$ cat run12.txt   # compact mmCIF, C-alpha atoms (C1' of nucleotides)
# COMPACT_ATOMS: atom_id res chain seq x y z
CA MET A 258 -19.49 6.59 -3.67
CA ARG A 259 -16.23 8.31 -4.37
CA GLY A 260 -16.52 11.51 -2.43
CA GLY A 261 -16.34 12.33 1.19
CA THR A 262 -13.19 13.28 2.98
CA GLU A 263 -11.49 16.34 4.32
CA ILE A 264 -8.30 15.49 2.51
CA LYS A 265 -9.61 15.81 -0.99
CA ILE A 266 -6.54 15.92 -3.14
CA ALA A 267 -4.53 13.26 -1.37
CA TYR A 268 -7.61 11.09 -1.29
CA LYS A 269 -8.26 11.44 -4.99
CA MET A 270 -4.64 10.68 -5.81
CA GLY A 271 -4.97 7.55 -3.72
CA TYR A 272 -8.24 6.59 -5.33
CA VAL A 273 -6.93 6.79 -8.88
CA LEU A 274 -3.59 5.26 -8.03
CA ASN A 275 -5.10 2.33 -6.15
CA PHE A 276 -7.11 1.32 -9.16
CA TYR A 277 -4.06 1.60 -11.31
CA ARG A 278 -1.58 -0.07 -9.06
CA GLU A 279 -3.20 -2.70 -6.90
CA PRO A 280 -4.69 -4.97 -9.57
CA SER A 281 -1.59 -4.67 -11.75
CA PHE A 282 0.82 -5.48 -8.98
CA ARG A 283 -1.27 -8.33 -7.62
CA LYS A 284 -1.35 -9.87 -11.03
CA ILE A 285 2.43 -9.70 -11.26
CA GLU A 286 2.77 -11.10 -7.76
CA MET A 287 0.60 -14.06 -8.60
CA GLU A 288 1.78 -14.83 -12.10
CA LEU A 289 5.49 -14.25 -11.66
CA GLY A 290 5.88 -15.01 -7.98
CA LEU A 291 7.42 -11.67 -7.10
CA THR A 292 6.74 -9.49 -4.08
CA ARG A 293 6.25 -5.77 -4.35
CA PRO A 294 9.75 -4.90 -3.21
CA GLU A 295 11.09 -7.33 -5.80
CA ILE A 296 8.99 -5.77 -8.55
CA VAL A 297 10.12 -2.22 -7.86
CA THR A 298 13.72 -3.31 -7.40
CA LEU A 299 13.75 -4.76 -10.89
CA ILE A 300 12.07 -1.66 -12.27
CA PHE A 301 14.75 0.51 -10.77
CA LEU A 302 17.69 -1.71 -11.69
CA ASN A 303 16.50 -1.96 -15.26
CA PHE A 304 17.11 1.77 -15.47
CA ARG A 305 20.17 2.22 -13.37
CA GLU A 306 22.69 -0.30 -12.16
CA GLY A 307 25.35 -0.19 -9.50
CA VAL A 308 22.95 1.30 -6.98
CA THR A 309 22.42 0.20 -3.38
CA ALA A 310 19.50 -1.08 -1.34
CA SER A 311 19.15 2.35 0.25
CA ASP A 312 18.74 3.93 -3.15
CA ILE A 313 15.92 1.56 -3.87
CA CYS A 314 14.27 2.40 -0.57
CA GLU A 315 14.33 6.05 -1.47
CA PHE A 316 13.12 5.39 -4.99
CA SER A 317 10.30 3.10 -3.99
CA GLY A 318 9.26 4.17 -0.53
CA HIS A 319 9.55 0.63 0.78
CA LEU A 320 11.11 -0.05 4.17
CA LYS A 321 14.69 -1.21 4.17
CA ALA A 322 13.90 -4.55 5.79
CA ASN A 323 11.55 -5.38 2.93
CA ILE A 324 13.92 -4.22 0.23
CA SER A 325 16.64 -6.25 1.89
CA ARG A 326 14.48 -9.37 1.79
CA GLY A 327 13.53 -8.62 -1.80
CA ILE A 328 17.15 -8.32 -2.86
CA ILE A 329 18.08 -11.56 -1.15
CA ALA A 330 15.20 -13.30 -2.92
CA LEU A 331 16.07 -11.78 -6.30
CA GLU A 332 19.66 -12.90 -5.93
CA LYS A 333 18.54 -16.41 -5.09
CA LYS A 334 16.46 -16.42 -8.28
CA LYS A 335 19.49 -15.09 -10.20
CA LEU A 336 17.60 -12.00 -11.29
CA LEU A 337 20.22 -9.68 -9.87
CA ARG A 338 23.79 -9.93 -8.63
CA ARG A 339 25.55 -7.89 -5.99
CA ASP A 340 29.14 -6.85 -5.39
CA THR A 341 30.48 -5.31 -2.24
CA ASP A 342 31.53 -1.71 -2.81
CA ARG A 343 35.34 -1.67 -2.56
CA ALA A 344 35.21 1.89 -1.29
CA ASP A 345 32.74 1.10 1.50
CA ASN A 346 32.38 -2.46 2.57
CA ARG A 347 28.98 -1.88 4.10
CA ARG A 348 27.45 -1.14 0.74
CA GLN A 349 26.52 -3.62 -1.95
CA LEU A 350 26.24 -2.52 -5.54
CA LEU A 351 23.39 -4.13 -7.41
CA PHE A 352 23.26 -5.25 -11.03
CA ILE A 353 20.37 -6.77 -12.92
CA THR A 354 21.05 -10.01 -14.83
CA PRO A 355 19.78 -10.84 -18.33
CA ALA A 356 17.19 -13.09 -16.67
CA GLY A 357 16.15 -10.12 -14.56
CA ARG A 358 15.72 -7.94 -17.61
CA ALA A 359 13.75 -10.66 -19.31
CA LEU A 360 11.37 -10.92 -16.39
CA TYR A 361 11.03 -7.15 -16.22
CA ALA A 362 10.15 -7.17 -19.90
CA ARG A 363 7.31 -9.54 -19.16
CA TYR A 364 5.41 -7.29 -16.81
CA ILE A 365 6.25 -3.74 -17.78
CA PRO A 366 4.10 -3.57 -20.96
CA ALA A 367 0.92 -4.20 -19.00
CA LEU A 368 1.83 -1.46 -16.55
CA ARG A 369 2.53 0.92 -19.40
CA GLU A 370 -0.72 0.12 -21.13
CA ARG A 371 -2.67 0.56 -17.96
CA GLU A 372 -1.06 3.93 -17.35
CA GLN A 373 -2.11 4.98 -20.84
CA ALA A 374 -5.67 3.87 -20.12
CA MET A 375 -5.66 5.82 -16.89
CA LEU A 376 -4.51 8.98 -18.66
CA ALA A 377 -6.60 8.55 -21.79
CA CYS A 378 -9.24 11.00 -20.58
CA LEU A 379 -6.77 13.88 -20.54
CA THR A 380 -5.85 15.88 -23.61
CA ARG A 381 -2.22 16.01 -24.57
CA THR A 382 -1.95 19.48 -23.04
CA GLU A 383 -3.61 18.42 -19.83
CA ARG A 384 -1.34 15.45 -19.53
CA LYS A 385 1.71 17.66 -19.90
CA GLU A 386 0.36 20.05 -17.33
CA PHE A 387 -0.46 17.21 -14.95
CA GLU A 388 3.04 15.88 -15.27
CA ARG A 389 4.52 19.31 -14.73
CA LEU A 390 2.56 19.73 -11.51
CA LEU A 391 3.55 16.26 -10.37
CA ASP A 392 7.19 17.11 -11.00
CA LYS A 393 6.79 20.20 -8.90
CA LEU A 394 5.23 18.18 -6.10
CA ALA A 395 7.89 15.50 -6.32
CA ASP A 396 10.72 18.04 -6.21
CA HIS A 397 9.14 19.57 -3.15
CA VAL A 398 8.83 16.34 -1.18
CA PRO A 399 12.17 16.71 0.65
CA HIS A 400 10.96 20.00 2.09
CA TRP A 401 8.17 18.47 4.12
CA ALA A 402 9.01 14.80 4.40
CA ALA A 403 12.08 13.25 5.96
CA LEU A 404 13.53 10.21 4.27
CA ASP A 405 13.78 8.36 7.55
CA GLU A 406 10.04 8.67 7.88
CA LEU A 407 9.69 5.83 5.45
CA MET B 237 17.45 9.06 -6.95
CA ARG B 238 13.89 9.74 -7.93
CA GLY B 239 13.88 9.12 -11.64
CA GLY B 240 13.98 6.04 -13.72
CA THR B 241 10.93 4.23 -14.90
CA GLU B 242 8.92 3.80 -18.03
CA ILE B 243 5.72 4.60 -16.20
CA LYS B 244 6.55 8.16 -15.32
CA ILE B 245 3.26 9.64 -14.25
CA ALA B 246 1.97 6.72 -12.24
CA TYR B 247 5.36 6.41 -10.65
CA LYS B 248 5.50 10.06 -9.64
CA MET B 249 2.01 9.90 -8.21
CA GLY B 250 3.11 6.94 -6.15
CA TYR B 251 6.28 8.65 -5.05
CA VAL B 252 4.55 11.75 -3.75
CA LEU B 253 1.65 9.85 -2.27
CA ASN B 254 3.87 7.34 -0.47
CA PHE B 255 5.64 10.10 1.36
CA TYR B 256 2.35 11.65 2.28
CA ARG B 257 0.48 8.55 3.25
CA GLU B 258 2.77 5.93 4.67
CA PRO B 259 4.31 7.82 7.57
CA SER B 260 0.99 9.39 8.49
CA PHE B 261 -0.91 6.15 8.47
CA ARG B 262 1.77 4.25 10.33
CA LYS B 263 1.73 6.85 13.03
CA ILE B 264 -2.02 6.48 13.40
CA GLU B 265 -1.72 2.71 13.42
CA MET B 266 0.84 2.80 16.19
CA GLU B 267 -0.59 5.55 18.34
CA LEU B 268 -4.25 4.71 18.10
CA GLY B 269 -4.08 0.99 17.47
CA LEU B 270 -6.07 1.11 14.25
CA THR B 271 -5.43 -0.79 11.04
CA ARG B 272 -5.63 0.87 7.65
CA PRO B 273 -9.08 -0.48 6.84
CA GLU B 274 -10.26 0.81 10.20
CA ILE B 275 -8.80 4.26 9.56
CA VAL B 276 -10.45 4.68 6.18
CA THR B 277 -13.72 3.25 7.43
CA LEU B 278 -13.91 5.94 10.08
CA ILE B 279 -12.95 8.61 7.55
CA PHE B 280 -15.79 7.53 5.31
CA LEU B 281 -18.37 7.09 8.05
CA ASN B 282 -17.59 10.48 9.47
CA PHE B 283 -18.84 11.89 6.19
CA ARG B 284 -21.67 9.58 5.34
CA GLU B 285 -23.55 7.15 7.53
CA GLY B 286 -25.87 4.29 6.74
CA VAL B 287 -23.49 2.91 4.14
CA THR B 288 -22.37 -0.68 3.72
CA ALA B 289 -19.07 -2.53 3.80
CA SER B 290 -19.14 -2.71 -0.01
CA ASP B 291 -19.40 1.04 -0.22
CA ILE B 292 -16.31 1.36 1.90
CA CYS B 293 -14.46 -1.10 -0.31
CA GLU B 294 -15.27 1.01 -3.32
CA PHE B 295 -14.37 4.22 -1.52
CA SER B 296 -11.11 2.99 -0.14
CA GLY B 297 -9.89 0.37 -2.54
CA HIS B 298 -9.39 -2.16 0.24
CA LEU B 299 -10.43 -5.77 -0.20
CA LYS B 300 -13.72 -6.80 1.29
CA ALA B 301 -12.16 -9.34 3.64
CA ASN B 302 -10.04 -6.61 5.20
CA ILE B 303 -12.88 -4.13 5.43
CA SER B 304 -15.00 -6.83 7.02
CA ARG B 305 -12.35 -7.47 9.66
CA GLY B 306 -11.97 -3.75 10.19
CA ILE B 307 -15.69 -3.28 10.74
CA ILE B 308 -15.82 -6.16 13.21
CA ALA B 309 -12.91 -4.65 15.12
CA LEU B 310 -14.42 -1.15 15.10
CA GLU B 311 -17.68 -2.50 16.40
CA LYS B 312 -15.87 -4.33 19.18
CA LYS B 313 -14.23 -1.05 20.14
CA LYS B 314 -17.63 0.65 20.00
CA LEU B 315 -16.46 3.09 17.34
CA LEU B 316 -19.26 2.14 15.00
CA ARG B 317 -22.55 0.32 15.19
CA ARG B 318 -24.33 -1.71 12.53
CA ASP B 319 -27.94 -2.49 11.77
CA THR B 320 -29.15 -5.06 9.31
CA ASP B 321 -30.86 -3.43 6.36
CA ARG B 322 -34.56 -4.28 6.68
CA ALA B 323 -34.92 -4.12 2.92
CA ASP B 324 -32.06 -6.54 2.27
CA ASN B 325 -30.97 -8.75 5.09
CA ARG B 326 -27.58 -9.39 3.56
CA ARG B 327 -26.58 -5.79 3.99
CA GLN B 328 -25.53 -4.05 7.18
CA LEU B 329 -25.87 -0.32 7.49
CA LEU B 330 -23.03 1.31 9.35
CA PHE B 331 -23.12 4.26 11.72
CA ILE B 332 -20.25 5.96 13.48
CA THR B 333 -20.57 6.46 17.24
CA PRO B 334 -19.58 9.60 19.18
CA ALA B 335 -16.49 7.73 20.33
CA GLY B 336 -15.74 7.00 16.67
CA ARG B 337 -16.05 10.67 15.75
CA ALA B 338 -13.84 11.60 18.66
CA LEU B 339 -11.14 9.23 17.52
CA TYR B 340 -11.44 10.46 13.94
CA ALA B 341 -11.00 13.99 15.24
CA ARG B 342 -7.71 12.96 16.81
CA TYR B 343 -6.00 11.92 13.63
CA ILE B 344 -7.53 13.92 10.83
CA PRO B 345 -5.85 17.27 11.62
CA ALA B 346 -2.39 15.80 11.09
CA LEU B 347 -3.48 14.35 7.76
CA ARG B 348 -4.92 17.70 6.72
CA GLU B 349 -1.79 19.57 7.71
CA ARG B 350 0.41 17.15 5.89
CA GLU B 351 -1.69 17.50 2.76
CA GLN B 352 -1.24 21.26 2.98
CA ALA B 353 2.51 20.82 3.32
CA MET B 354 2.54 18.54 0.32
CA LEU B 355 0.66 21.10 -1.79
CA ALA B 356 2.41 24.17 -0.46
CA CYS B 357 4.71 24.39 -3.49
CA LEU B 358 1.80 24.94 -5.86
CA THR B 359 0.19 28.31 -6.44
CA ARG B 360 -3.51 28.60 -5.76
CA THR B 361 -4.19 28.38 -9.48
CA GLU B 362 -2.00 25.35 -9.92
CA ARG B 363 -3.67 23.63 -7.03
CA LYS B 364 -7.09 24.22 -8.56
CA GLU B 365 -5.87 22.93 -11.88
CA PHE B 366 -4.29 19.90 -10.27
CA GLU B 367 -7.54 19.10 -8.51
CA ARG B 368 -9.51 19.56 -11.70
CA LEU B 369 -7.29 17.11 -13.53
CA LEU B 370 -7.52 14.64 -10.66
CA ASP B 371 -11.30 14.89 -10.76
CA LYS B 372 -11.20 14.13 -14.43
CA LEU B 373 -8.99 11.12 -13.83
CA ALA B 374 -11.16 9.90 -10.97
CA ASP B 375 -14.34 10.20 -13.00
CA HIS B 376 -12.71 8.23 -15.75
CA VAL B 377 -11.61 5.31 -13.56
CA PRO B 378 -14.71 3.18 -14.20
CA HIS B 379 -13.92 3.22 -17.92
CA TRP B 380 -10.71 1.31 -17.58
CA ALA B 381 -10.86 -0.39 -14.21
CA ALA B 382 -13.42 -2.90 -13.00
CA LEU B 383 -14.48 -2.66 -9.39
CA ASP B 384 -14.01 -6.37 -8.92
CA GLU B 385 -10.38 -5.92 -9.79
CA LEU B 386 -9.80 -4.66 -6.33
C1' DC C 11 -43.05 -21.06 -7.64
C1' DC C 12 -38.47 -23.02 -8.08
C1' DA C 13 -33.77 -23.51 -9.50
C1' DA C 14 -29.69 -21.18 -10.79
C1' DT C 15 -27.00 -17.37 -10.16
C1' DA C 16 -25.36 -13.34 -7.91
C1' DA C 17 -24.30 -10.48 -4.02
C1' DA C 18 -22.99 -9.24 1.04
C1' DG C 19 -20.24 -10.47 4.42
C1' DT C 20 -17.23 -13.84 7.18
C1' DC C 21 -13.65 -17.13 7.88
C1' DA C 22 -9.17 -20.00 7.72
C1' DC C 23 -4.93 -20.30 5.98
C1' DA C 24 -0.60 -18.82 3.99
C1' DT C 25 2.34 -14.91 3.17
C1' DA C 26 4.09 -10.18 3.14
C1' DT C 27 4.95 -6.53 5.95
C1' DG C 28 6.29 -3.26 9.99
C1' DA C 29 8.96 -2.56 14.14
C1' DG C 30 12.97 -2.73 16.24
C1' DA C 31 17.17 -5.07 17.66
C1' DC C 32 21.56 -6.50 15.89
C1' DT C 33 26.26 -6.81 13.23
C1' DA C 34 29.66 -4.87 10.59
C1' DT C 35 31.72 -0.96 8.79
C1' DC C 36 32.70 3.85 8.29
C1' DT C 37 33.41 8.85 9.85
C1' DG C 38 34.67 12.80 12.56
C1' DG C 39 36.09 15.23 16.83
C1' DG C 40 39.16 14.80 20.73
C1' DC D 284 44.87 7.12 16.90
C1' DC D 285 40.54 6.02 18.98
C1' DC D 286 36.03 6.14 20.57
C1' DA D 287 31.22 7.87 19.90
C1' DG D 288 28.02 8.15 16.74
C1' DA D 289 26.18 7.25 12.12
C1' DT D 290 25.11 4.17 8.24
C1' DA D 291 24.26 -0.23 5.33
C1' DG D 292 22.17 -4.17 5.60
C1' DT D 293 20.10 -8.42 7.98
C1' DC D 294 17.26 -10.87 11.25
C1' DT D 295 13.33 -12.11 14.46
C1' DC D 296 8.91 -11.72 15.88
C1' DA D 297 4.22 -10.11 15.82
C1' DT D 298 0.62 -8.49 12.86
C1' DA D 299 -1.89 -7.15 8.71
C1' DT D 300 -3.07 -8.62 4.38
C1' DG D 301 -4.40 -11.53 0.04
C1' DT D 302 -6.76 -15.55 -1.54
C1' DG D 303 -10.35 -18.41 -1.98
C1' DA D 304 -13.91 -21.07 0.11
C1' DC D 305 -18.14 -20.65 2.69
C1' DT D 306 -22.97 -19.03 4.53
C1' DT D 307 -26.85 -16.53 4.04
C1' DT D 308 -30.04 -13.86 1.53
C1' DA D 309 -31.83 -11.74 -2.88
C1' DT D 310 -32.85 -11.76 -7.75
C1' DT D 311 -33.87 -13.54 -12.24
C1' DG D 312 -35.59 -16.50 -15.78
C1' DG D 313 -38.22 -20.58 -16.82
$ encode --input "run12.txt" --output "structure tokens"
Amino acid sequence: MRGGTEIKIAYKMGYVLNFYREPSFRKIEMELGLTRPEIVTLIFLNFREGVTASDICEFSGHLKANISRGIIALEKKKLLRRDTDRADNRRQLLFITPAGRALYARYIPALREREQAMLACLTRTERKEFERLLDKLADHVPHWAALDEL
Amino acid sequence: MRGGTEIKIAYKMGYVLNFYREPSFRKIEMELGLTRPEIVTLIFLNFREGVTASDICEFSGHLKANISRGIIALEKKKLLRRDTDRADNRRQLLFITPAGRALYARYIPALREREQAMLACLTRTERKEFERLLDKLADHVPHWAALDEL
DNA sequence: CCAATAAAGTCACATATGAGACTATCTGGG
DNA sequence: CCCAGATAGTCTCATATGTGACTTTATTGG
């Protein structure tokens, strides 16, 4: 029942990704009481600190209103902290707290394992090639999509 | 600002797909007054009629409650019609109406064009290879994901 | 044949999200 | 220097969605 659309490639990407992402994220939402914007904010901050809400919008594709709410909630839970940028008082620089990292560490292994399961059917070479093509697609995104479309 | 996660491939798929899908779908939602389950239901029915709500759940990855609401709404708008399956009275077989096809025809070209734009950076060979790998991934989904996870 | 279980679809409720207005701050051209 | 945008982030309101319970019908095993 998988086939049947005129937008084959985009559809198949969505099909595979939905099965990867939706159950995983719902589980995190339920068990840890986080929303999706909160989850991706922690993922991003775990990697790179001192970034702004806008950066997280661009990274995650979530709307700024939702990221804003997520950040407010995460601060309330003491999972991140924010400082106003001295060079531009509109901006707030975000930093993950130890509690934030600890929570991140609780849900990321399942996501990693599930990604491995998803990719298990590809050979090592195919996986590399798939990633190379994805990189190419990702680099190309700015050429056809405007950031303010999100 | 794109990098930074331990789940590289899934993340990149999400990144590219978000930029493809979200703006397109939101535009359809706003201009044509359809919800996402309604949009994908019409996409599926345009290809294959006489299917059930469950089939559309599997096809689209949407939850059955949402597909159910979508089908009720589409019927109200006379974009599809449903007949109880004589062989199993629990099931309802779905059929798209001419009005449904007409509406589908109004939004699919933009989706197709945007998919082309997304893929434009790949050579013909790369595109074929990308699709082959996606097919492999899609065929493999049942091995690691349960349908009832959605 | 009947009871227990499963499956298709619907519903009610709580919550997350999208749209767009709003505030505060910054920037660049007269 | 200052005013007209632009930009970062927040808020309000309406709507779409997730969850889980519920109804009806089918299937299976005793």
$ closest_atom_pairs --input "run12.txt" --of "chain C" --to "chain A" --cutoff "12 Å" --atoms "only C-alpha atoms (C1' of nucleotides)" --output "tab-separated table"
residue	atom	partner	partner_atom	distance
C:DT25	C1'	A:Thr292	CA	10.1
C:DA26	C1'	A:Thr292	CA	7.7
C:DT27	C1'	A:Asn323	CA	7.3
C:DG28	C1'	A:Leu320	CA	8.2
C:DA29	C1'	A:Ala322	CA	9.9
C:DG30	C1'	A:Ala322	CA	10.6
C:DT33	C1'	A:Arg347	CA	10.7
C:DA34	C1'	A:Arg347	CA	7.2
C:DT35	C1'	A:Arg347	CA	5.5
C:DC36	C1'	A:Asp345	CA	7.3
C:DT37	C1'	A:Asp345	CA	11.4
$ write_last_selection --input "run12.txt" --atoms "C-alpha atoms (C1' of nucleotides)" --output "compact mmCIF listing (two decimals), keeping the file's coordinate frame"
# COMPACT_ATOMS: atom_id res chain seq x y z
C1' DT C 25 2.34 -14.91 3.17
C1' DA C 26 4.09 -10.18 3.14
C1' DT C 27 4.95 -6.53 5.95
C1' DG C 28 6.29 -3.26 9.99
C1' DA C 29 8.96 -2.56 14.14
C1' DG C 30 12.97 -2.73 16.24
C1' DT C 33 26.26 -6.81 13.23
C1' DA C 34 29.66 -4.87 10.59
C1' DT C 35 31.72 -0.96 8.79
C1' DC C 36 32.70 3.85 8.29
C1' DT C 37 33.41 8.85 9.85
$ atom_distance --input "run12.txt" --atom1 "CA of His379 (chain B)" --atom2 "CA of Phe280 (chain B)"
23.7 Å
$ calpha_fit_and_write --input "run12.txt" --fixed "chain B" --moving "chain A" --output "CSV table (one decimal) with C-alpha atoms, in the frame of the given file"
chain,number,residue,atom,x,y,z
A,258,MET,CA,17.5,9.0,-7.0
A,259,ARG,CA,13.9,9.7,-7.9
A,260,GLY,CA,13.9,9.1,-11.6
A,261,GLY,CA,14.0,6.1,-13.7
A,262,THR,CA,10.9,4.2,-14.9
A,263,GLU,CA,8.9,3.8,-18.0
A,264,ILE,CA,5.7,4.6,-16.2
A,265,LYS,CA,6.5,8.1,-15.3
A,266,ILE,CA,3.3,9.6,-14.2
A,267,ALA,CA,2.0,6.7,-12.2
A,268,TYR,CA,5.4,6.4,-10.6
A,269,LYS,CA,5.5,10.0,-9.6
A,270,MET,CA,2.0,9.9,-8.2
A,271,GLY,CA,3.1,6.9,-6.1
A,272,TYR,CA,6.3,8.6,-5.0
A,273,VAL,CA,4.6,11.7,-3.7
A,274,LEU,CA,1.7,9.8,-2.3
A,275,ASN,CA,3.9,7.3,-0.5
A,276,PHE,CA,5.6,10.1,1.4
A,277,TYR,CA,2.4,11.6,2.3
A,278,ARG,CA,0.5,8.6,3.3
A,279,GLU,CA,2.8,5.9,4.7
A,280,PRO,CA,4.3,7.8,7.6
A,281,SER,CA,1.0,9.4,8.5
A,282,PHE,CA,-0.9,6.2,8.5
A,283,ARG,CA,1.8,4.3,10.3
A,284,LYS,CA,1.7,6.9,13.0
A,285,ILE,CA,-2.0,6.5,13.4
A,286,GLU,CA,-1.7,2.7,13.4
A,287,MET,CA,0.8,2.8,16.2
A,288,GLU,CA,-0.6,5.6,18.4
A,289,LEU,CA,-4.3,4.7,18.1
A,290,GLY,CA,-4.1,1.0,17.5
A,291,LEU,CA,-6.1,1.1,14.3
A,292,THR,CA,-5.4,-0.8,11.0
A,293,ARG,CA,-5.6,0.9,7.7
A,294,PRO,CA,-9.1,-0.5,6.8
A,295,GLU,CA,-10.3,0.8,10.2
A,296,ILE,CA,-8.8,4.3,9.6
A,297,VAL,CA,-10.4,4.7,6.2
A,298,THR,CA,-13.7,3.3,7.4
A,299,LEU,CA,-13.9,5.9,10.1
A,300,ILE,CA,-13.0,8.6,7.5
A,301,PHE,CA,-15.8,7.5,5.3
A,302,LEU,CA,-18.4,7.1,8.0
A,303,ASN,CA,-17.6,10.5,9.5
A,304,PHE,CA,-18.9,11.9,6.2
A,305,ARG,CA,-21.7,9.6,5.4
A,306,GLU,CA,-23.6,7.2,7.5
A,307,GLY,CA,-25.9,4.3,6.7
A,308,VAL,CA,-23.5,2.9,4.1
A,309,THR,CA,-22.4,-0.7,3.7
A,310,ALA,CA,-19.1,-2.5,3.8
A,311,SER,CA,-19.1,-2.7,0.0
A,312,ASP,CA,-19.4,1.0,-0.2
A,313,ILE,CA,-16.3,1.4,1.9
A,314,CYS,CA,-14.5,-1.1,-0.3
A,315,GLU,CA,-15.3,1.0,-3.3
A,316,PHE,CA,-14.4,4.2,-1.5
A,317,SER,CA,-11.1,3.0,-0.1
A,318,GLY,CA,-9.9,0.4,-2.6
A,319,HIS,CA,-9.4,-2.2,0.2
A,320,LEU,CA,-10.4,-5.8,-0.2
A,321,LYS,CA,-13.7,-6.8,1.3
A,322,ALA,CA,-12.1,-9.3,3.6
A,323,ASN,CA,-10.0,-6.6,5.2
A,324,ILE,CA,-12.9,-4.1,5.4
A,325,SER,CA,-15.0,-6.8,7.0
A,326,ARG,CA,-12.3,-7.5,9.6
A,327,GLY,CA,-12.0,-3.7,10.2
A,328,ILE,CA,-15.7,-3.3,10.7
A,329,ILE,CA,-15.8,-6.2,13.2
A,330,ALA,CA,-12.9,-4.7,15.1
A,331,LEU,CA,-14.4,-1.2,15.1
A,332,GLU,CA,-17.7,-2.5,16.4
A,333,LYS,CA,-15.9,-4.3,19.2
A,334,LYS,CA,-14.2,-1.0,20.1
A,335,LYS,CA,-17.6,0.7,20.0
A,336,LEU,CA,-16.5,3.1,17.3
A,337,LEU,CA,-19.3,2.2,15.0
A,338,ARG,CA,-22.6,0.3,15.2
A,339,ARG,CA,-24.3,-1.7,12.5
A,340,ASP,CA,-27.9,-2.5,11.8
A,341,THR,CA,-29.2,-5.1,9.3
A,342,ASP,CA,-30.9,-3.5,6.3
A,343,ARG,CA,-34.6,-4.3,6.7
A,344,ALA,CA,-34.9,-4.2,2.9
A,345,ASP,CA,-32.1,-6.6,2.3
A,346,ASN,CA,-31.0,-8.8,5.1
A,347,ARG,CA,-27.6,-9.4,3.6
A,348,ARG,CA,-26.6,-5.8,4.0
A,349,GLN,CA,-25.5,-4.1,7.2
A,350,LEU,CA,-25.9,-0.3,7.5
A,351,LEU,CA,-23.0,1.3,9.3
A,352,PHE,CA,-23.1,4.3,11.7
A,353,ILE,CA,-20.3,6.0,13.5
A,354,THR,CA,-20.6,6.5,17.2
A,355,PRO,CA,-19.6,9.6,19.2
A,356,ALA,CA,-16.5,7.7,20.3
A,357,GLY,CA,-15.7,7.0,16.7
A,358,ARG,CA,-16.1,10.7,15.8
A,359,ALA,CA,-13.9,11.6,18.7
A,360,LEU,CA,-11.1,9.2,17.5
A,361,TYR,CA,-11.4,10.5,14.0
A,362,ALA,CA,-11.0,14.0,15.3
A,363,ARG,CA,-7.7,13.0,16.8
A,364,TYR,CA,-6.0,11.9,13.6
A,365,ILE,CA,-7.5,13.9,10.8
A,366,PRO,CA,-5.8,17.3,11.6
A,367,ALA,CA,-2.4,15.8,11.1
A,368,LEU,CA,-3.5,14.4,7.8
A,369,ARG,CA,-4.9,17.7,6.7
A,370,GLU,CA,-1.8,19.6,7.7
A,371,ARG,CA,0.4,17.2,5.9
A,372,GLU,CA,-1.7,17.5,2.8
A,373,GLN,CA,-1.2,21.3,3.0
A,374,ALA,CA,2.5,20.8,3.3
A,375,MET,CA,2.5,18.5,0.3
A,376,LEU,CA,0.7,21.1,-1.8
A,377,ALA,CA,2.4,24.2,-0.5
A,378,CYS,CA,4.7,24.4,-3.5
A,379,LEU,CA,1.8,24.9,-5.9
A,380,THR,CA,0.2,28.3,-6.4
A,381,ARG,CA,-3.5,28.6,-5.8
A,382,THR,CA,-4.2,28.4,-9.5
A,383,GLU,CA,-2.0,25.4,-9.9
A,384,ARG,CA,-3.7,23.6,-7.0
A,385,LYS,CA,-7.1,24.2,-8.6
A,386,GLU,CA,-5.9,22.9,-11.9
A,387,PHE,CA,-4.3,19.9,-10.3
A,388,GLU,CA,-7.5,19.1,-8.5
A,389,ARG,CA,-9.5,19.6,-11.7
A,390,LEU,CA,-7.3,17.1,-13.5
A,391,LEU,CA,-7.5,14.7,-10.6
A,392,ASP,CA,-11.3,14.9,-10.8
A,393,LYS,CA,-11.2,14.1,-14.4
A,394,LEU,CA,-9.0,11.1,-13.8
A,395,ALA,CA,-11.2,9.9,-11.0
A,396,ASP,CA,-14.4,10.2,-13.0
A,397,HIS,CA,-12.7,8.2,-15.7
A,398,VAL,CA,-11.6,5.3,-13.5
A,399,PRO,CA,-14.7,3.2,-14.2
A,400,HIS,CA,-14.0,3.3,-17.9
A,401,TRP,CA,-10.7,1.3,-17.6
A,402,ALA,CA,-10.9,-0.4,-14.2
A,403,ALA,CA,-13.4,-2.9,-13.0
A,404,LEU,CA,-14.5,-2.7,-9.4
A,405,ASP,CA,-14.1,-6.4,-8.9
A,406,GLU,CA,-10.4,-5.9,-9.8
A,407,LEU,CA,-9.9,-4.6,-6.3
$ residues_around --input "run12.txt" --residues "DG39 (chain C)" --least-positions-apart "3" --cutoff "12 Å" --atoms "only C-alpha atoms (C1' of nucleotides)" --output "list in words"
DC284, DC285, DC286, DA287 and DG288 of chain D
$ closest_atom_pairs --input "run12.txt" --of "chain A" --to "chain B" --cutoff "6 Å" --atoms "all atoms listed in the file" --output "Markdown table"
| residue | atom | partner | partner_atom | distance |
| --- | --- | --- | --- | --- |
| A:Arg259 | CA | B:Phe295 | CA | 5.3 |
| A:Gly261 | CA | B:Phe283 | CA | 5.6 |
| A:Ile264 | CA | B:Arg348 | CA | 5.8 |
| A:Val273 | CA | B:Ala374 | CA | 5.7 |
| A:Pro280 | CA | B:Glu385 | CA | 5.8 |
| A:Phe304 | CA | B:Gly240 | CA | 5.6 |
| A:Phe316 | CA | B:Arg238 | CA | 5.3 |
| A:Arg369 | CA | B:Ile243 | CA | 5.8 |
| A:Ala395 | CA | B:Val252 | CA | 5.6 |
| A:Glu406 | CA | B:Pro259 | CA | 5.8 |
$ residues_near_point --input "run12.txt" --point "(-23.4, -0.1, 5.2)" --cutoff "8 Å" --atoms "all atoms listed in the file" --output "PyMOL selection string"
chain B and resi 285-292+318+327-331
